[in-house]
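Structure file query27.cif with mmCIF, C-alpha atoms:
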data_query
loop_
_atom_site.group_PDB
_atom_site.id
_atom_site.type_symbol
_atom_site.label_atom_id
_atom_site.label_comp_id
_atom_site.auth_asym_id
_atom_site.auth_seq_id
_atom_site.Cartn_x
_atom_site.Cartn_y
_atom_site.Cartn_z
ATOM 1 C CA MET L 1 17.623 -35.157 4.231
ATOM 2 C CA LYS L 2 17.430 -33.199 0.974
ATOM 3 C CA LEU L 3 13.869 -34.435 0.378
ATOM 4 C CA LYS L 4 12.848 -33.399 3.895
ATOM 5 C CA TYR L 5 14.323 -29.927 3.356
ATOM 6 C CA PHE L 6 12.595 -29.640 -0.026
ATOM 7 C CA LEU L 7 9.203 -30.577 1.458
ATOM 8 C CA LEU L 8 9.729 -28.070 4.280
ATOM 9 C CA LYS L 9 10.382 -25.309 1.739
ATOM 10 C CA ILE L 10 7.192 -26.209 -0.150
ATOM 11 C CA ILE L 11 5.136 -26.057 3.066
ATOM 12 C CA LEU L 12 6.674 -22.675 3.945
ATOM 13 C CA SER L 13 5.947 -21.304 0.473
ATOM 14 C CA LEU L 14 2.321 -22.446 0.618
ATOM 15 C CA SER L 15 1.972 -20.901 4.082
ATOM 16 C CA VAL L 16 3.269 -17.561 2.831
ATOM 17 C CA ILE L 17 0.846 -17.636 -0.130
ATOM 18 C CA PHE L 18 -2.017 -18.388 2.265
ATOM 19 C CA LEU L 19 -0.985 -15.529 4.542
ATOM 20 C CA ILE L 20 -0.703 -12.904 1.828
ATOM 21 C CA GLU L 21 -4.009 -13.922 0.232
ATOM 22 C CA ASN L 22 -5.793 -13.612 3.562
ATOM 23 C CA ILE L 23 -4.040 -10.391 4.571
ATOM 24 C CA GLN L 24 -4.567 -8.637 1.270
ATOM 25 C CA GLY L 25 -8.222 -9.571 1.520
ATOM 26 C CA GLN L 26 -8.424 -6.965 4.272
ATOM 27 C CA TYR L 27 -7.718 -4.162 1.788
ATOM 28 C CA LEU L 28 -10.393 -3.339 -0.737
ATOM 29 C CA TYR L 29 -9.510 -1.714 -4.066
ATOM 30 C CA ILE L 30 -12.296 0.552 -5.360
ATOM 31 C CA PRO L 31 -12.028 1.762 -8.994
ATOM 32 C CA VAL L 32 -13.005 5.343 -9.792
ATOM 33 C CA ASP L 33 -16.119 4.227 -11.669
ATOM 34 C CA SER L 34 -17.466 1.905 -8.961
ATOM 35 C CA ALA L 35 -20.399 2.739 -6.703
ATOM 36 C CA ALA L 36 -19.270 2.315 -3.097
ATOM 37 C CA SER L 37 -21.476 4.801 -1.277
ATOM 38 C CA ASP L 38 -21.241 2.837 1.979
ATOM 39 C CA ILE L 39 -17.439 3.290 1.951
ATOM 40 C CA LEU L 40 -16.581 6.432 -0.002
ATOM 41 C CA SER L 41 -17.596 8.922 -2.680
ATOM 42 C CA ILE L 42 -15.427 10.451 -5.420
ATOM 43 C CA ASN L 43 -16.068 13.918 -6.839
ATOM 44 C CA PHE L 44 -14.322 15.048 -10.029
ATOM 45 C CA SER L 45 -13.477 18.584 -11.080
ATOM 46 C CA GLY L 46 -12.757 18.772 -14.813
ATOM 47 C CA GLY L 47 -11.163 15.832 -16.612
ATOM 48 C CA SER L 48 -13.027 12.781 -17.850
ATOM 49 C CA LEU L 49 -13.103 8.997 -17.610
ATOM 50 C CA GLN L 50 -11.030 7.391 -20.374
ATOM 51 C CA ASN L 51 -10.098 3.871 -21.500
ATOM 52 C CA TYR L 52 -6.501 3.089 -22.484
ATOM 53 C CA GLY L 53 -6.476 -0.680 -22.897
ATOM 54 C CA CYS L 54 -5.132 -1.600 -19.475
ATOM 55 C CA GLU L 55 -7.057 -4.662 -18.353
ATOM 56 C CA GLY L 56 -8.516 -4.315 -14.874
ATOM 57 C CA LEU L 57 -7.615 -0.625 -14.765
ATOM 58 C CA ASP L 58 -9.880 1.087 -17.299
ATOM 59 C CA PRO L 59 -11.500 3.461 -17.097
ATOM 60 C CA THR L 60 -9.220 5.945 -15.368
ATOM 61 C CA PHE L 61 -9.924 9.577 -14.576
ATOM 62 C CA TRP L 62 -7.757 11.473 -17.057
ATOM 63 C CA ILE L 63 -5.876 14.456 -15.587
ATOM 64 C CA ALA L 64 -3.900 16.811 -17.832
ATOM 65 C CA GLY L 65 -2.213 20.071 -16.890
ATOM 66 C CA SER L 66 -3.528 21.990 -13.880
ATOM 67 C CA GLY L 67 -6.976 22.748 -12.537
ATOM 68 C CA ILE L 68 -8.253 19.148 -12.650
ATOM 69 C CA SER L 69 -8.764 17.207 -9.436
ATOM 70 C CA ALA L 70 -10.467 14.236 -7.800
ATOM 71 C CA THR L 71 -11.610 14.241 -4.173
ATOM 72 C CA VAL L 72 -12.203 10.988 -2.280
ATOM 73 C CA THR L 73 -14.397 11.335 0.820
ATOM 74 C CA PHE L 74 -14.600 8.405 3.235
ATOM 75 C CA VAL L 75 -17.681 7.448 5.221
ATOM 76 C CA ASN L 76 -15.478 6.244 8.107
ATOM 77 C CA LEU L 77 -12.030 7.435 9.143
ATOM 78 C CA GLN L 78 -9.275 5.630 7.253
ATOM 79 C CA ASP L 79 -5.706 4.804 8.296
ATOM 80 C CA TYR L 80 -2.999 4.578 5.614
ATOM 81 C CA PRO L 81 -5.232 4.499 2.512
ATOM 82 C CA SER L 82 -3.701 4.195 -0.964
ATOM 83 C CA PHE L 83 -4.550 5.728 -4.311
ATOM 84 C CA ARG L 84 -3.548 4.341 -7.722
ATOM 85 C CA VAL L 85 -2.121 6.310 -10.654
ATOM 86 C CA TRP L 86 -1.399 5.204 -14.202
ATOM 87 C CA GLY L 87 0.923 6.417 -16.960
ATOM 88 C CA MET L 88 2.751 9.330 -15.326
ATOM 89 C CA ASN L 89 5.778 10.637 -17.254
ATOM 90 C CA ASP L 90 8.359 13.154 -16.054
ATOM 91 C CA ASP L 91 6.342 16.104 -17.376
ATOM 92 C CA ASP L 92 3.347 14.992 -15.295
ATOM 93 C CA SER L 93 3.023 16.068 -11.668
ATOM 94 C CA ALA L 94 0.348 15.978 -9.002
ATOM 95 C CA ALA L 95 -0.222 17.441 -5.545
ATOM 96 C CA VAL L 96 -2.200 15.912 -2.691
ATOM 97 C CA SER L 97 -4.205 17.325 0.184
ATOM 98 C CA VAL L 98 -5.502 15.339 3.170
ATOM 99 C CA ASN L 99 -8.525 16.459 5.165
ATOM 100 C CA GLY L 100 -8.480 19.702 3.191
ATOM 101 C CA VAL L 101 -4.866 20.529 4.083
ATOM 102 C CA SER L 102 -1.876 20.375 1.715
ATOM 103 C CA TYR L 103 0.024 17.099 2.149
ATOM 104 C CA PRO L 104 3.541 17.246 0.629
ATOM 105 C CA LEU L 105 4.685 13.833 -0.541
ATOM 106 C CA SER L 106 8.043 12.498 0.609
ATOM 107 C CA SER L 107 9.594 9.243 1.790
ATOM 108 C CA SER L 108 8.396 10.034 5.329
ATOM 109 C CA SER L 109 4.827 11.093 4.494
ATOM 110 C CA ALA L 110 4.052 8.451 1.859
ATOM 111 C CA SER L 111 5.359 5.413 0.009
ATOM 112 C CA TYR L 112 4.731 3.696 -3.300
ATOM 113 C CA ASP L 113 4.805 0.004 -4.083
ATOM 114 C CA GLU L 114 6.334 -1.780 -7.052
ATOM 115 C CA LYS L 115 4.934 -0.729 -10.404
ATOM 116 C CA VAL L 116 2.711 -3.062 -12.395
ATOM 117 C CA ILE L 117 2.998 -3.004 -16.188
ATOM 118 C CA CYS L 118 -0.508 -2.983 -17.600
ATOM 119 C CA ASN L 119 0.058 -3.890 -21.239
ATOM 120 C CA VAL L 120 2.637 -5.340 -23.621
ATOM 121 C CA ILE L 121 4.247 -1.980 -24.412
ATOM 122 C CA GLY L 122 5.844 -2.026 -20.984
ATOM 123 C CA SER L 123 7.609 0.609 -18.918
ATOM 124 C CA PRO L 124 11.359 1.172 -18.606
ATOM 125 C CA GLY L 125 13.275 1.896 -15.424
ATOM 126 C CA LEU L 126 12.816 0.706 -11.870
ATOM 127 C CA ASP L 127 10.046 3.106 -10.932
ATOM 128 C CA GLY L 128 7.038 4.601 -12.629
ATOM 129 C CA VAL L 129 6.662 7.469 -10.156
ATOM 130 C CA LEU L 130 8.812 9.457 -7.740
ATOM 131 C CA PHE L 131 8.362 12.054 -5.003
ATOM 132 C CA SER L 132 9.960 15.397 -5.846
ATOM 133 C CA GLY L 133 9.467 18.759 -4.171
ATOM 134 C CA GLY L 134 6.402 17.494 -2.337
ATOM 135 C CA LEU L 135 4.771 16.378 -5.594
ATOM 136 C CA LEU L 136 4.134 13.031 -7.264
ATOM 137 C CA VAL L 137 5.939 12.940 -10.618
ATOM 138 C CA GLY L 138 6.602 10.406 -13.345
ATOM 139 C CA ALA L 139 10.013 8.746 -13.549
ATOM 140 C CA ASN L 140 10.244 8.255 -17.345
ATOM 141 C CA ASN L 141 10.214 10.742 -20.197
ATOM 142 C CA ASN L 142 7.566 10.817 -22.911
ATOM 143 C CA GLU L 143 9.834 9.185 -25.500
ATOM 144 C CA LEU L 144 10.295 6.109 -23.320
ATOM 145 C CA GLY L 145 6.727 6.207 -22.054
ATOM 146 C CA ASN L 146 5.188 4.715 -18.945
ATOM 147 C CA TYR L 147 2.486 2.069 -19.268
ATOM 148 C CA SER L 148 2.382 1.037 -15.636
ATOM 149 C CA HIS L 149 0.422 1.800 -12.506
ATOM 150 C CA GLN L 150 1.417 2.131 -8.858
ATOM 151 C CA ASN L 151 -0.259 2.526 -5.488
ATOM 152 C CA ILE L 152 0.745 5.492 -3.346
ATOM 153 C CA THR L 153 0.120 4.886 0.368
ATOM 154 C CA LEU L 154 -0.271 7.852 2.702
ATOM 155 C CA ASN L 155 1.467 7.556 6.075
ATOM 156 C CA GLN L 156 -1.427 9.167 7.901
ATOM 157 C CA THR L 157 -4.252 8.055 10.176
ATOM 158 C CA ASN L 158 -7.772 9.422 10.720
ATOM 159 C CA ILE L 159 -8.223 10.478 7.110
ATOM 160 C CA THR L 160 -11.629 11.773 6.048
ATOM 161 C CA SER L 161 -10.725 12.933 2.526
ATOM 162 C CA ILE L 162 -7.961 12.916 -0.076
ATOM 163 C CA THR L 163 -7.738 15.290 -3.025
ATOM 164 C CA ILE L 164 -5.385 14.619 -5.946
ATOM 165 C CA TYR L 165 -4.648 17.711 -8.034
ATOM 166 C CA GLY L 166 -3.143 17.867 -11.496
ATOM 167 C CA VAL L 167 -0.241 20.365 -11.486
ATOM 168 C CA ALA L 168 1.355 19.953 -14.924
ATOM 169 C CA GLY L 169 1.804 17.518 -17.788
ATOM 170 C CA ALA L 170 0.313 16.016 -20.910
ATOM 171 C CA GLY L 171 -1.883 13.626 -18.964
ATOM 172 C CA TRP L 172 -2.105 10.619 -16.657
ATOM 173 C CA GLY L 173 -4.793 8.527 -14.990
ATOM 174 C CA PHE L 174 -6.177 8.358 -11.439
ATOM 175 C CA ALA L 175 -7.519 4.810 -11.232
ATOM 176 C CA GLY L 176 -8.903 4.227 -7.741
ATOM 177 C CA VAL L 177 -8.240 3.832 -4.022
ATOM 178 C CA SER L 178 -7.570 1.014 -1.559
ATOM 179 C CA VAL L 179 -9.009 1.068 1.953
ATOM 180 C CA GLU L 180 -8.605 -1.141 4.981
ATOM 181 C CA THR L 181 -11.638 -3.272 5.752
ATOM 182 C CA LEU L 182 -10.316 -5.357 8.675
ATOM 183 C CA THR L 183 -7.675 -4.838 11.343
ATOM 184 C CA SER L 184 -6.779 -8.474 11.871
ATOM 185 C CA ILE L 185 -7.662 -11.978 10.798
ATOM 186 C CA ASN L 186 -8.086 -13.426 14.291
ATOM 187 C CA SER L 187 -7.449 -11.784 17.645
ATOM 188 C CA TYR L 188 -5.510 -13.504 20.387
ATOM 189 C CA GLU L 189 -8.002 -14.346 23.107
ATOM 190 C CA ASN L 190 -7.897 -12.067 26.181
ATOM 191 C CA GLU L 191 -4.950 -10.072 24.805
ATOM 192 C CA VAL L 192 -4.613 -6.521 23.557
ATOM 193 C CA ILE L 193 -1.645 -6.456 21.185
ATOM 194 C CA ASP L 194 0.078 -3.144 20.492
ATOM 195 C CA ILE L 195 2.325 -2.837 17.425
ATOM 196 C CA PHE L 196 4.136 0.513 17.287
ATOM 197 C CA PRO L 197 5.425 2.933 16.092
ATOM 198 C CA ASN L 198 3.691 3.026 12.722
ATOM 199 C CA PRO L 199 5.191 4.433 10.526
ATOM 200 C CA VAL L 200 8.454 2.967 11.814
ATOM 201 C CA ASP L 201 12.036 4.149 11.302
ATOM 202 C CA ASN L 202 13.945 0.982 12.137
ATOM 203 C CA VAL L 203 12.618 -0.877 15.193
ATOM 204 C CA VAL L 204 8.981 -1.882 15.690
ATOM 205 C CA ASN L 205 7.787 -2.765 19.188
ATOM 206 C CA ILE L 206 5.209 -5.433 19.995
ATOM 207 C CA LYS L 207 3.669 -5.406 23.482
ATOM 208 C CA GLY L 208 0.836 -7.182 25.256
ATOM 209 C CA LEU L 209 1.826 -10.736 24.365
ATOM 210 C CA ASN L 210 1.104 -13.718 26.565
ATOM 211 C CA ASP L 211 4.485 -15.198 27.473
ATOM 212 C CA ASP L 212 3.320 -18.827 27.661
ATOM 213 C CA SER L 213 3.665 -19.679 23.977
ATOM 214 C CA VAL L 214 5.839 -19.452 20.860
ATOM 215 C CA ILE L 215 5.276 -16.535 18.480
ATOM 216 C CA ASP L 216 6.247 -16.580 14.790
ATOM 217 C CA ILE L 217 6.792 -13.117 13.300
ATOM 218 C CA THR L 218 6.838 -12.649 9.528
ATOM 219 C CA VAL L 219 6.933 -9.519 7.408
ATOM 220 C CA LEU L 220 5.666 -9.579 3.815
ATOM 221 C CA ASN L 221 5.893 -6.946 1.118
ATOM 222 C CA LEU L 222 2.925 -5.961 -1.032
ATOM 223 C CA VAL L 223 3.591 -8.663 -3.624
ATOM 224 C CA GLY L 224 3.716 -11.428 -0.997
ATOM 225 C CA GLN L 225 7.481 -11.874 -0.709
ATOM 226 C CA LEU L 226 8.760 -12.901 2.708
ATOM 227 C CA VAL L 227 11.285 -10.240 3.797
ATOM 228 C CA TYR L 228 11.638 -11.105 7.502
ATOM 229 C CA GLU L 229 10.888 -14.084 9.708
ATOM 230 C CA GLN L 230 11.788 -14.978 13.276
ATOM 231 C CA ARG L 231 10.496 -17.275 16.016
ATOM 232 C CA PHE L 232 10.349 -16.058 19.616
ATOM 233 C CA ASP L 233 9.817 -18.120 22.769
ATOM 234 C CA HIS L 234 7.797 -16.953 25.764
ATOM 235 C CA ALA L 235 7.908 -13.166 25.446
ATOM 236 C CA LYS L 236 5.584 -10.432 26.701
ATOM 237 C CA SER L 237 7.188 -7.806 24.475
ATOM 238 C CA LEU L 238 9.401 -7.842 21.385
ATOM 239 C CA GLU L 239 11.606 -5.469 19.416
ATOM 240 C CA ILE L 240 11.834 -6.243 15.700
ATOM 241 C CA ASP L 241 14.730 -4.662 13.817
ATOM 242 C CA LEU L 242 13.605 -3.740 10.292
ATOM 243 C CA SER L 243 16.501 -1.408 9.511
ATOM 244 C CA GLU L 244 17.553 -3.503 6.501
ATOM 245 C CA LEU L 245 14.184 -3.079 4.780
ATOM 246 C CA SER L 246 13.741 -0.290 2.253
ATOM 247 C CA ALA L 247 11.078 2.365 2.743
ATOM 248 C CA GLY L 248 7.624 1.185 1.743
ATOM 249 C CA THR L 249 4.465 -0.626 2.811
ATOM 250 C CA TYR L 250 4.534 -4.080 4.407
ATOM 251 C CA PHE L 251 2.347 -6.507 6.349
ATOM 252 C CA ILE L 252 3.587 -7.694 9.742
ATOM 253 C CA VAL L 253 2.043 -11.000 10.805
ATOM 254 C CA LEU L 254 2.024 -12.580 14.274
ATOM 255 C CA LYS L 255 1.195 -16.288 14.314
ATOM 256 C CA ARG L 256 0.567 -18.428 17.368
ATOM 257 C CA ASN L 257 -0.913 -21.891 16.965
ATOM 258 C CA SER L 258 -3.915 -21.328 14.642
ATOM 259 C CA SER L 259 -4.376 -17.622 15.418
ATOM 260 C CA LEU L 260 -3.101 -14.745 13.336
ATOM 261 C CA ILE L 261 -2.824 -11.028 13.848
ATOM 262 C CA SER L 262 -1.822 -8.886 10.886
ATOM 263 C CA LYS L 263 -1.198 -5.175 10.500
ATOM 264 C CA LYS L 264 -0.269 -2.906 7.632
ATOM 265 C CA LEU L 265 3.122 -1.393 8.478
ATOM 266 C CA ILE L 266 4.766 1.656 6.917
ATOM 267 C CA LYS L 267 8.597 1.732 6.849
ATOM 268 C CA LYS L 268 10.037 5.248 6.552
#
File written out as structure tokens:
Amino acid sequence: MKLKYFLLKIILSLSVIFLIENIQGQYLYIPVDSAASDILSINFSGGSLQNYGCEGLDPTFWIAGSGISATVTFVNLQDYPSFRVWGMNDDDSAAVSVNGVSYPLSSSSASYDEKVICNVIGSPGLDGVLFSGGLLVGANNNELGNYSHQNITLNQTNITSITIYGVAGAGWGFAGVSVETLTSINSYENEVIDIFPNPVDNVVNIKGLNDDSVIDITVLNLVGQLVYEQRFDHAKSLEIDLSELSAGTYFIVLKRNSSLISKKLIKK
């Protein structure tokens, strides 16, 4: 019995890895120095590209003080894009505008994922960045330092442009953006599935299901950890309670037989 349970856990773990690898493949990270004219363009005002020894992250666009900005313009409308910042300390702050209009950052308008330490020096504390007074600010002081990067996801659809402005500070890096390239892995034949609201407060609704089969619902965080799973029998609509999840960005996955539908989900 123990061996059977152990093998089941291995199969589940491999399935989750497969899911997250396929789902994350739908989101394309574009560094600031990459040519992606068919997807977006980036215009810089002031600042410069610098290298700071962070593998896979250099160069970044260095922003110090105020008056320096980077504007990302998308060829096609984007829903919930992310931008990546590196090395923000508590004297560094940035403002954002979306489609040319000021976009104050808060737990309802945006989210940030877990920080990634980019070299051996490390980064203390739980977070590398925070939202404060509508701005993006660093969470650690200069003495402790912050050698990590994080993605900030905007809870907004139909985005044509994002501008990141330097407001104050000794300097930090704008590294790139992530955009959605696919809506789903496979569509359910002859069905139009609606997953809403998004962003969600606590309960997400799923409508348009065919009630003649079993549906497996899983929710994964950005690093591939399984945070919710449930099997449902013969339902045309579902209500999924995500009230226990913290605010942030997730992937909700619907699996039936060999078909998958996935969607990026923002939890307020």
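Selection by the PyMOL selection byres ((chain L and resi 265) around 7) on the present file picks out L:Asn198, L:Pro199, L:Thr249, L:Tyr250, L:Phe251, L:Ile252, L:Lys263, L:Lys264, L:Ile266, L:Lys267.
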Would you write out, as JSON, numbers by chain, every residue that the PyMOL selection byres ((chain L and resi 84-93) around 7) captures in this file? {"L": [82, 83, 94, 128, 129, 135, 136, 137, 138, 139, 140, 141, 142, 145, 146, 147, 148, 149, 150, 151, 152, 166, 167, 168, 169, 170, 171, 172, 173, 174, 175, 176, 177]}
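Using all atoms listed in the file, the smallest distance between any of L:Tyr52, L:Phe232, L:Phe61, L:Phe131 and Val96 (chain L) comes from L:Phe131.
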Output of the PyMOL selection byres ((chain L and resi 236) around 7), listed as a VMD selection string: chain L and resid 207 to 211 234 to 235 237
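Close contacts of region 214-219 of chain L, defined as residues with an atom at most 6 Å away when counting only C-alpha atoms, with chain neighbours fewer than 3 positions off set aside, comprise Val227, Tyr228, Glu229, Gln230, Arg231, Phe232, Asp233, His234, Phe251, Ile252, Val253, Leu254, Lys255 and Arg256 of chain L.
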Taking (-13.1, 3.7, 9.0) in the coordinates of the supplied file, I want to know which residues reach to within 9 Å of it, counting all atoms listed in the file; could you give the answer as a list in words? Ile39, Phe74, Val75, Asn76, Leu77, Gln78, Asp79, Asn158, Ile159, Thr160, Val179, Glu180 and Thr181 of chain L
Can you measure CA of Gly248 (chain L) to CA of Lys268 (chain L) for me? One decimal in Å is fine. 6.7 Å
Which neighbours of Ile195 (chain L) fall inside 7 Å, counting all atoms listed in the file, when residues of the same chain fewer than 4 positions from it are skipped, and could you give them as a VMD selection string? chain L and resid 204 to 207
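Here CA of Gln156 (chain L) stands at a distance of 10.5 Å from CA of Asn99 (chain L).
We find CA of Leu57 (chain L) and CA of Tyr80 (chain L) to be spaced 21.5 Å apart.
The residue set within 10 Å of Thr71 (chain L), counting only C-alpha atoms and dropping same-chain residues fewer than 2 places from it, reads Ser41, Ile42, Asn43, Phe44, Ser45, Ser69, Thr73, Phe74, Val96, Ser97, Val98, Gly100, Ser161, Ile162, Thr163, Ile164 and Tyr165 of chain L.
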Choose the residue, out of L:Leu144, L:Leu238, L:Ala35, L:Leu28, that has the smallest atom-to-atom separation from Pro124 (chain L); count only C-alpha atoms. L:Leu144
What are the centre and the three edge lengths of an axis-aligned box that wraps all atoms of region 156-174 of chain L in the file, given that 6 Å is added to every side, written as AutoDock Vina command-line options and rounded to one decimal in Å?
--center_x -4.9 --center_y 14.2 --center_z -5.1 --size_x 25.4 --size_y 24.3 --size_z 43.6
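Proximity ranking of L:Gln225, L:Ser178, L:Gln50, L:Ser34 relative to Glu114 (chain L) places L:Gln225 first, based on only C-alpha atoms.
Selection around (14.4, -4.6, 8.0) with radius 8 Å, counting all atoms listed in the file, yields the residues Asn202, Val227, Tyr228, Asp241, Leu242, Ser243, Glu244, Leu245 and Ser246 of chain L.
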May I have the residues from that selection written out with C-alpha atoms, as a CSV table (one decimal), keeping the file's coordinate frame?
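Output contents, as saved in result.csv:
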chain,number,residue,atom,x,y,z
L,202,ASN,CA,13.9,1.0,12.1
L,227,VAL,CA,11.3,-10.2,3.8
L,228,TYR,CA,11.6,-11.1,7.5
L,241,ASP,CA,14.7,-4.7,13.8
L,242,LEU,CA,13.6,-3.7,10.3
L,243,SER,CA,16.5,-1.4,9.5
L,244,GLU,CA,17.6,-3.5,6.5
L,245,LEU,CA,14.2,-3.1,4.8
L,246,SER,CA,13.7,-0.3,2.3
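With all atoms listed in the file as the atoms that count, the minimum distance from Asn51 (chain L) to the choices L:Asp33, L:Ile68, L:Ser109, L:Leu226 is reached by L:Asp33.
The residue that comes closest to Ile193 (chain L), out of L:Gly134, L:Glu143, L:Leu260, L:Tyr112 and on the basis of only C-alpha atoms, is L:Leu260.
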